[in-house]
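This is upload_12.txt. It holds compact mmCIF, C-alpha atoms and all ligand atoms.
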# COMPACT_ATOMS: atom_id res chain seq x y z
CA MET N 160 15.95 0.53 -6.16
CA THR N 161 14.50 0.98 -2.66
CA VAL N 162 10.92 1.71 -1.60
CA GLY N 163 12.25 5.00 -0.20
CA ARG N 164 12.99 6.14 -3.79
CA ILE N 165 9.43 5.20 -4.77
CA LEU N 166 8.11 7.36 -1.91
CA GLU N 167 10.35 10.27 -2.94
CA ARG N 168 8.73 10.20 -6.39
CA LYS N 169 5.19 9.44 -5.26
CA GLY N 170 5.25 11.64 -2.17
CA TYR N 171 5.47 10.89 1.51
CA GLY N 172 2.40 10.75 3.76
CA LEU N 173 -0.46 8.33 4.06
CA GLU N 174 -4.19 8.26 4.72
CA THR N 175 -5.07 7.38 8.30
CA VAL N 176 -8.32 7.16 10.28
CA SER N 177 -9.19 6.37 13.89
CA PRO N 178 -10.33 2.91 15.06
CA SER N 179 -13.87 4.23 15.63
CA THR N 180 -14.36 5.46 12.05
CA THR N 181 -17.31 3.67 10.48
CA ILE N 182 -16.99 1.46 7.43
CA ALA N 183 -19.39 3.81 5.60
CA ALA N 184 -17.05 6.76 6.25
CA ILE N 185 -14.00 4.71 5.22
CA SER N 186 -15.77 3.67 1.98
CA HIS N 187 -16.38 7.34 1.12
CA HIS N 188 -12.78 8.18 2.00
CA LEU N 189 -11.35 5.40 -0.23
CA ASN N 190 -13.61 6.51 -3.08
CA ASP N 191 -12.84 10.23 -2.68
CA GLN N 192 -9.08 9.66 -2.51
CA GLY N 193 -9.00 6.96 -5.19
CA ILE N 194 -7.10 4.59 -2.91
CA GLY N 195 -7.55 0.97 -1.82
CA ALA N 196 -6.67 1.04 1.87
CA VAL N 197 -6.42 3.24 4.96
CA VAL N 198 -4.20 2.76 7.95
CA ILE N 199 -5.84 2.79 11.37
CA VAL N 200 -4.00 4.78 14.06
CA ASP N 201 -4.89 5.75 17.62
CA ASP N 202 -4.87 9.31 19.03
CA SER N 203 -1.09 9.11 19.51
CA GLY N 204 -0.54 8.07 15.89
CA ARG N 205 0.29 4.49 16.86
CA LEU N 206 -0.41 1.89 14.19
CA LYS N 207 -3.47 -0.19 15.10
CA GLY N 208 -4.45 -1.86 11.83
CA ILE N 209 -5.29 -1.55 8.16
CA VAL N 210 -8.64 -1.65 6.35
CA SER N 211 -8.65 -2.35 2.62
CA GLU N 212 -11.44 -2.73 0.07
CA ARG N 213 -11.10 -6.49 0.60
CA ASP N 214 -12.06 -6.16 4.29
CA ILE N 215 -15.10 -4.06 3.40
CA VAL N 216 -16.31 -6.61 0.83
CA ARG N 217 -15.76 -9.40 3.37
CA ALA N 218 -17.74 -7.52 6.06
CA LEU N 219 -20.60 -6.74 3.64
CA ALA N 220 -20.78 -10.40 2.58
CA ALA N 221 -20.85 -11.52 6.22
CA HIS N 222 -23.19 -8.89 7.74
CA GLY N 223 -25.03 -7.22 4.86
CA PRO N 224 -25.62 -3.43 4.82
CA SER N 225 -25.33 -3.22 8.65
CA ALA N 226 -21.56 -3.72 8.15
CA LEU N 227 -21.42 -0.07 7.05
CA ASP N 228 -22.20 1.05 10.63
CA LYS N 229 -19.43 -1.01 12.17
CA PRO N 230 -16.26 0.73 13.42
CA ALA N 231 -12.94 0.10 11.67
CA HIS N 232 -11.50 -1.81 14.62
CA GLU N 233 -14.08 -4.57 14.15
CA ILE N 234 -13.02 -5.44 10.62
CA MET N 235 -9.39 -4.24 10.36
CA THR N 236 -6.35 -6.47 10.08
CA ALA N 237 -4.52 -5.76 13.34
CA ASN N 238 -1.26 -7.51 12.53
CA VAL N 239 0.10 -5.07 9.94
CA ILE N 240 3.33 -5.86 8.12
CA THR N 241 5.39 -2.70 7.58
CA ALA N 242 8.68 -2.05 5.80
CA THR N 243 11.44 0.54 6.00
CA GLU N 244 12.62 2.91 3.27
CA ASP N 245 15.87 1.00 2.69
CA GLU N 246 14.12 -2.20 1.59
CA PRO N 247 14.45 -3.17 -2.09
CA VAL N 248 11.35 -2.91 -4.28
CA ASP N 249 11.80 -6.56 -5.34
CA GLU N 250 11.60 -7.70 -1.72
CA ILE N 251 8.38 -5.78 -1.10
CA MET N 252 6.87 -7.17 -4.30
CA ARG N 253 7.77 -10.69 -3.16
CA LEU N 254 6.28 -9.98 0.28
CA MET N 255 3.02 -8.72 -1.27
CA THR N 256 2.77 -11.72 -3.59
CA GLU N 257 3.50 -14.30 -0.90
CA SER N 258 1.34 -12.65 1.79
CA LYS N 259 -1.51 -11.84 -0.65
CA PHE N 260 -1.89 -8.15 0.17
CA ARG N 261 -1.34 -5.06 -1.97
CA HIS N 262 -0.43 -2.36 0.54
CA VAL N 263 2.63 -1.89 2.76
CA PRO N 264 2.99 1.06 5.17
CA ILE N 265 6.54 2.38 5.40
CA ALA N 266 8.01 3.31 8.79
CA ARG N 267 11.08 5.36 9.76
CA ASP N 268 12.34 5.18 13.35
CA GLY N 269 9.05 3.57 14.36
CA LYS N 270 6.90 6.32 12.77
CA LEU N 271 4.77 5.85 9.66
CA VAL N 272 6.00 8.01 6.77
CA GLY N 273 4.15 6.61 3.75
CA LEU N 274 2.52 3.66 2.08
CA VAL N 275 3.30 1.83 -1.14
CA SER N 276 0.72 -0.11 -3.12
CA ILE N 277 1.24 -2.84 -5.69
CA GLY N 278 0.18 -0.22 -8.27
CA ASP N 279 3.11 2.04 -7.28
CA LEU N 280 5.56 -0.86 -7.59
CA VAL N 281 4.19 -2.11 -10.92
CA LYS N 282 4.33 1.44 -12.31
CA HIS N 283 7.99 1.65 -11.30
CA ARG N 284 8.74 -1.77 -12.85
CA ILE N 285 7.09 -0.81 -16.17
CA THR N 286 9.15 2.41 -16.31
CA GLU N 287 12.32 0.37 -15.67
CA LEU N 288 11.44 -2.14 -18.41
CA GLU N 289 10.72 0.68 -20.88
CA LYS N 290 14.14 2.22 -20.13
CA GLU N 291 15.88 -1.15 -20.58
CA THR N 292 14.07 -1.78 -23.87
CA GLU N 293 15.08 1.65 -25.15
CA ALA N 294 18.70 1.03 -24.12
CA PHE N 295 18.70 -2.33 -26.00
CA ARG N 296 17.17 -0.67 -29.08
CA ALA N 297 19.84 2.06 -29.01
CA TYR N 298 22.55 -0.60 -28.63
CA ILE N 299 21.20 -2.60 -31.62
CA ARG N 300 20.88 0.56 -33.75
CA ALA N 301 24.51 1.46 -32.99
CA ALA N 302 25.82 -2.05 -33.81
P1 LIG I 401 -5.23 -5.79 0.04
O1 LIG I 401 -4.79 -6.81 -0.98
O2 LIG I 401 -4.15 -4.84 0.40
O3 LIG I 401 -6.54 -5.16 -0.32
O4 LIG I 401 -5.50 -6.59 1.42
C1 LIG I 401 -5.91 -7.94 1.50
C2 LIG I 401 -6.01 -8.29 2.98
O5 LIG I 401 -4.72 -8.14 3.60
C3 LIG I 401 -6.97 -7.42 3.79
O6 LIG I 401 -7.57 -8.23 4.81
C4 LIG I 401 -6.06 -6.37 4.44
O7 LIG I 401 -6.55 -5.87 5.68
C5 LIG I 401 -4.78 -7.16 4.65
N1 LIG I 401 -3.57 -6.33 4.52
C6 LIG I 401 -3.34 -5.36 3.60
N2 LIG I 401 -2.12 -4.84 3.76
C7 LIG I 401 -1.55 -5.49 4.80
C8 LIG I 401 -0.29 -5.41 5.46
N3 LIG I 401 0.67 -4.55 5.09
N4 LIG I 401 -0.06 -6.24 6.52
C9 LIG I 401 -1.01 -7.13 6.91
N5 LIG I 401 -2.22 -7.26 6.33
C10 LIG I 401 -2.49 -6.45 5.27
Spit out the file's structure as structure tokens when you get a sec.
Amino acid sequence: MTVGRILERKGYGLETVSPSTTIAAISHHLNDQGIGAVVIVDDSGRLKGIVSERDIVRALAAHGPSALDKPAHEIMTANVITATEDEPVDEIMRLMTESKFRHVPIARDGKLVGLVSIGDLVKHRITELEKETEAFRAYIRAA
């Protein structure tokens, strides 16, 4: 199974904001959308970074409430690891585990087309395990 198939089921598209968006605005956005990270892009849609809940907690711990007025570019992770639709889900799960992050933007021909979270991948894995279990049960019943 590829991450492209996950996106087909979940839906393409991703939440992006500009580098000047404040942390307060990003916090509202994450809360409203029920998501854990936003991708930072410039006016031309070029990938500049990613801000996740983890970055916001880190900034609040370091600067207190004034962190909320800071722009995204001050706290974002600039070196974003992306993947392509043809990559296997297992590989992306391994990447997330080893690199200790839970979000991977997906690019096609250099353009961002979606984002998968660890939640999306775990959901897929649980569905797969349920199907396998049911197939084993059916096999045992037929024996
Ligand atoms: P997360 O577990 O996704 O909340 O992110 C943990 C840390 O990794 C935060 O500092 C994020 O900015 C960073 N991060 C999240 N996703 C990526 C990614 N795809 N590439 C690089 N850093 C990331």
| said: I'd like to know which of N:Asp191, N:Asp202, N:Glu212, N:Glu291 is closest to ligand LIG 401 (chain I), using only C-alpha atoms and all ligand atoms. | reply: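 Result for the nearest residue to ligand LIG 401 (chain I): N:Glu212.
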| request: Just give me the gap between atom CA of Ile194 of chain N and atom CA of Leu173 of chain N in Å, one decimal is fine. | output: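 Spanning atom CA of Ile194 of chain N to atom CA of Leu173 of chain N is a straight-line distance of 10.3 Å.
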Around (-0.4, 6.8, 1.7) in the file's own coordinates, what residues are found within 9 Å if you use only C-alpha atoms, given back as a compact mmCIF listing (two decimals) with C-alpha atoms, in the coordinates of the input?
# COMPACT_ATOMS: atom_id res chain seq x y z
CA GLY N 170 5.25 11.64 -2.17
CA TYR N 171 5.47 10.89 1.51
CA GLY N 172 2.40 10.75 3.76
CA LEU N 173 -0.46 8.33 4.06
CA GLU N 174 -4.19 8.26 4.72
CA THR N 175 -5.07 7.38 8.30
CA ILE N 194 -7.10 4.59 -2.91
CA ALA N 196 -6.67 1.04 1.87
CA VAL N 197 -6.42 3.24 4.96
CA VAL N 198 -4.20 2.76 7.95
CA PRO N 264 2.99 1.06 5.17
CA VAL N 272 6.00 8.01 6.77
CA GLY N 273 4.15 6.61 3.75
CA LEU N 274 2.52 3.66 2.08
CA VAL N 275 3.30 1.83 -1.14
CA SER N 276 0.72 -0.11 -3.12
| task | Please identify the residues whose atoms come within 10 Å of ligand LIG 401 (chain I), using all atoms listed in the file, and report them as a PyMOL selection string. | result | chain N and resi 195-198+208-217+234-242+251+254-256+258-265+274-277
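Rounded to one decimal, atom CA of Thr180 of chain N and atom CA of Asp228 of chain N lie 9.1 Å from each other.
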| query | With distances taken over all atoms listed in the file, which of N:Val162, N:Leu189, N:Ala297, N:Ala184 is nearest to Asp279 of chain N? | reply |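 Going through N:Val162, N:Leu189, N:Ala297, N:Ala184 one by one, the smallest distance to Asp279 of chain N is for N:Val162.
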| request: Work out how far atom CA of Thr243 of chain N is from atom CA of Ser203 of chain N, in Å to one decimal. | output: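 If I compute the distance from atom CA of Ser203 of chain N to atom CA of Thr243 of chain N, I get 20.3 Å.
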| field | Test item: residues at most 12 Å from Met160 of chain N, all atoms listed in the file, excluding those fewer than 3 positions along its chain, as number ranges by chain | value | N: 163-167, 244-251, 280, 283-284, 287
Dump of C-alpha atoms for the selected residues, as a compact mmCIF listing (two decimals), in the frame of the given file:
# COMPACT_ATOMS: atom_id res chain seq x y z
CA GLY N 163 12.25 5.00 -0.20
CA ARG N 164 12.99 6.14 -3.79
CA ILE N 165 9.43 5.20 -4.77
CA LEU N 166 8.11 7.36 -1.91
CA GLU N 167 10.35 10.27 -2.94
CA GLU N 244 12.62 2.91 3.27
CA ASP N 245 15.87 1.00 2.69
CA GLU N 246 14.12 -2.20 1.59
CA PRO N 247 14.45 -3.17 -2.09
CA VAL N 248 11.35 -2.91 -4.28
CA ASP N 249 11.80 -6.56 -5.34
CA GLU N 250 11.60 -7.70 -1.72
CA ILE N 251 8.38 -5.78 -1.10
CA LEU N 280 5.56 -0.86 -7.59
CA HIS N 283 7.99 1.65 -11.30
CA ARG N 284 8.74 -1.77 -12.85
CA GLU N 287 12.32 0.37 -15.67
Restrict the output to segment 261-296 of chain N and N, CA and C atoms, then write it as a short mmCIF file (atom, residue, chain, number, x, y, z; two decimals), in the first residue's frame.
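Okay, this is what ended up in result-v7.cif:
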data_model
loop_
_atom_site.label_atom_id
_atom_site.label_comp_id
_atom_site.auth_asym_id
_atom_site.auth_seq_id
_atom_site.Cartn_x
_atom_site.Cartn_y
_atom_site.Cartn_z
N ARG N 261 5.37 13.37 13.34
CA ARG N 261 4.12 12.66 13.06
C ARG N 261 3.40 13.18 11.82
N HIS N 262 4.06 14.01 11.04
CA HIS N 262 3.44 14.58 9.85
C HIS N 262 4.41 14.55 8.67
N VAL N 263 3.91 14.13 7.50
CA VAL N 263 4.76 14.16 6.30
C VAL N 263 3.96 14.73 5.12
N PRO N 264 4.37 15.91 4.63
CA PRO N 264 3.73 16.46 3.43
C PRO N 264 4.10 15.60 2.21
N ILE N 265 3.12 15.46 1.32
CA ILE N 265 3.33 14.64 0.12
C ILE N 265 3.41 15.56 -1.10
N ALA N 266 4.45 15.36 -1.91
CA ALA N 266 4.68 16.21 -3.09
C ALA N 266 4.56 15.39 -4.37
N ARG N 267 4.06 16.06 -5.42
CA ARG N 267 4.02 15.45 -6.76
C ARG N 267 4.63 16.46 -7.73
N ASP N 268 5.64 16.04 -8.46
CA ASP N 268 6.35 16.94 -9.39
C ASP N 268 6.75 18.25 -8.70
N GLY N 269 7.21 18.13 -7.47
CA GLY N 269 7.69 19.31 -6.75
C GLY N 269 6.61 20.17 -6.12
N LYS N 270 5.34 19.79 -6.31
CA LYS N 270 4.22 20.57 -5.72
C LYS N 270 3.56 19.78 -4.60
N LEU N 271 3.19 20.47 -3.51
CA LEU N 271 2.55 19.78 -2.39
C LEU N 271 1.11 19.41 -2.76
N VAL N 272 0.75 18.14 -2.51
CA VAL N 272 -0.61 17.71 -2.86
C VAL N 272 -1.40 17.20 -1.66
N GLY N 273 -0.72 17.00 -0.54
CA GLY N 273 -1.42 16.49 0.65
C GLY N 273 -0.48 16.32 1.81
N LEU N 274 -0.99 15.77 2.88
CA LEU N 274 -0.18 15.54 4.08
C LEU N 274 -0.74 14.30 4.78
N VAL N 275 0.15 13.42 5.21
CA VAL N 275 -0.33 12.27 6.00
C VAL N 275 0.21 12.41 7.42
N SER N 276 -0.65 12.04 8.37
CA SER N 276 -0.24 12.08 9.78
C SER N 276 -0.11 10.64 10.28
N ILE N 277 0.54 10.49 11.42
CA ILE N 277 0.67 9.15 12.00
C ILE N 277 -0.72 8.56 12.24
N GLY N 278 -1.69 9.43 12.57
CA GLY N 278 -3.07 8.97 12.81
C GLY N 278 -3.65 8.32 11.55
N ASP N 279 -3.40 8.93 10.38
CA ASP N 279 -3.91 8.37 9.12
C ASP N 279 -3.31 6.98 8.89
N LEU N 280 -2.00 6.86 9.17
CA LEU N 280 -1.31 5.59 8.88
C LEU N 280 -1.73 4.50 9.87
N VAL N 281 -1.90 4.87 11.13
CA VAL N 281 -2.33 3.89 12.14
C VAL N 281 -3.76 3.42 11.82
N LYS N 282 -4.61 4.35 11.40
CA LYS N 282 -5.99 4.00 11.04
C LYS N 282 -5.98 2.95 9.91
N HIS N 283 -5.14 3.20 8.91
CA HIS N 283 -5.02 2.27 7.79
C HIS N 283 -4.53 0.90 8.27
N ARG N 284 -3.52 0.90 9.17
CA ARG N 284 -2.95 -0.35 9.66
C ARG N 284 -4.00 -1.15 10.46
N ILE N 285 -4.79 -0.47 11.26
CA ILE N 285 -5.82 -1.15 12.05
C ILE N 285 -6.85 -1.81 11.12
N THR N 286 -7.26 -1.06 10.08
CA THR N 286 -8.22 -1.61 9.10
C THR N 286 -7.65 -2.87 8.44
N GLU N 287 -6.34 -2.81 8.10
CA GLU N 287 -5.68 -3.96 7.46
C GLU N 287 -5.67 -5.16 8.40
N LEU N 288 -5.33 -4.91 9.68
CA LEU N 288 -5.28 -6.00 10.66
C LEU N 288 -6.66 -6.61 10.88
N GLU N 289 -7.70 -5.75 10.90
CA GLU N 289 -9.06 -6.27 11.08
C GLU N 289 -9.45 -7.19 9.91
N LYS N 290 -9.04 -6.77 8.68
CA LYS N 290 -9.37 -7.58 7.50
C LYS N 290 -8.65 -8.93 7.58
N GLU N 291 -7.36 -8.90 7.96
CA GLU N 291 -6.57 -10.13 8.08
C GLU N 291 -7.18 -11.06 9.11
N THR N 292 -7.57 -10.49 10.25
CA THR N 292 -8.15 -11.30 11.33
C THR N 292 -9.43 -11.97 10.84
N GLU N 293 -10.25 -11.20 10.13
CA GLU N 293 -11.51 -11.75 9.61
C GLU N 293 -11.23 -12.86 8.60
N ALA N 294 -10.20 -12.68 7.76
CA ALA N 294 -9.85 -13.70 6.77
C ALA N 294 -9.39 -14.98 7.48
N PHE N 295 -8.59 -14.84 8.54
CA PHE N 295 -8.14 -16.02 9.32
C PHE N 295 -9.33 -16.73 9.95
N ARG N 296 -10.26 -15.92 10.52
CA ARG N 296 -11.44 -16.52 11.17
C ARG N 296 -12.25 -17.33 10.15
#
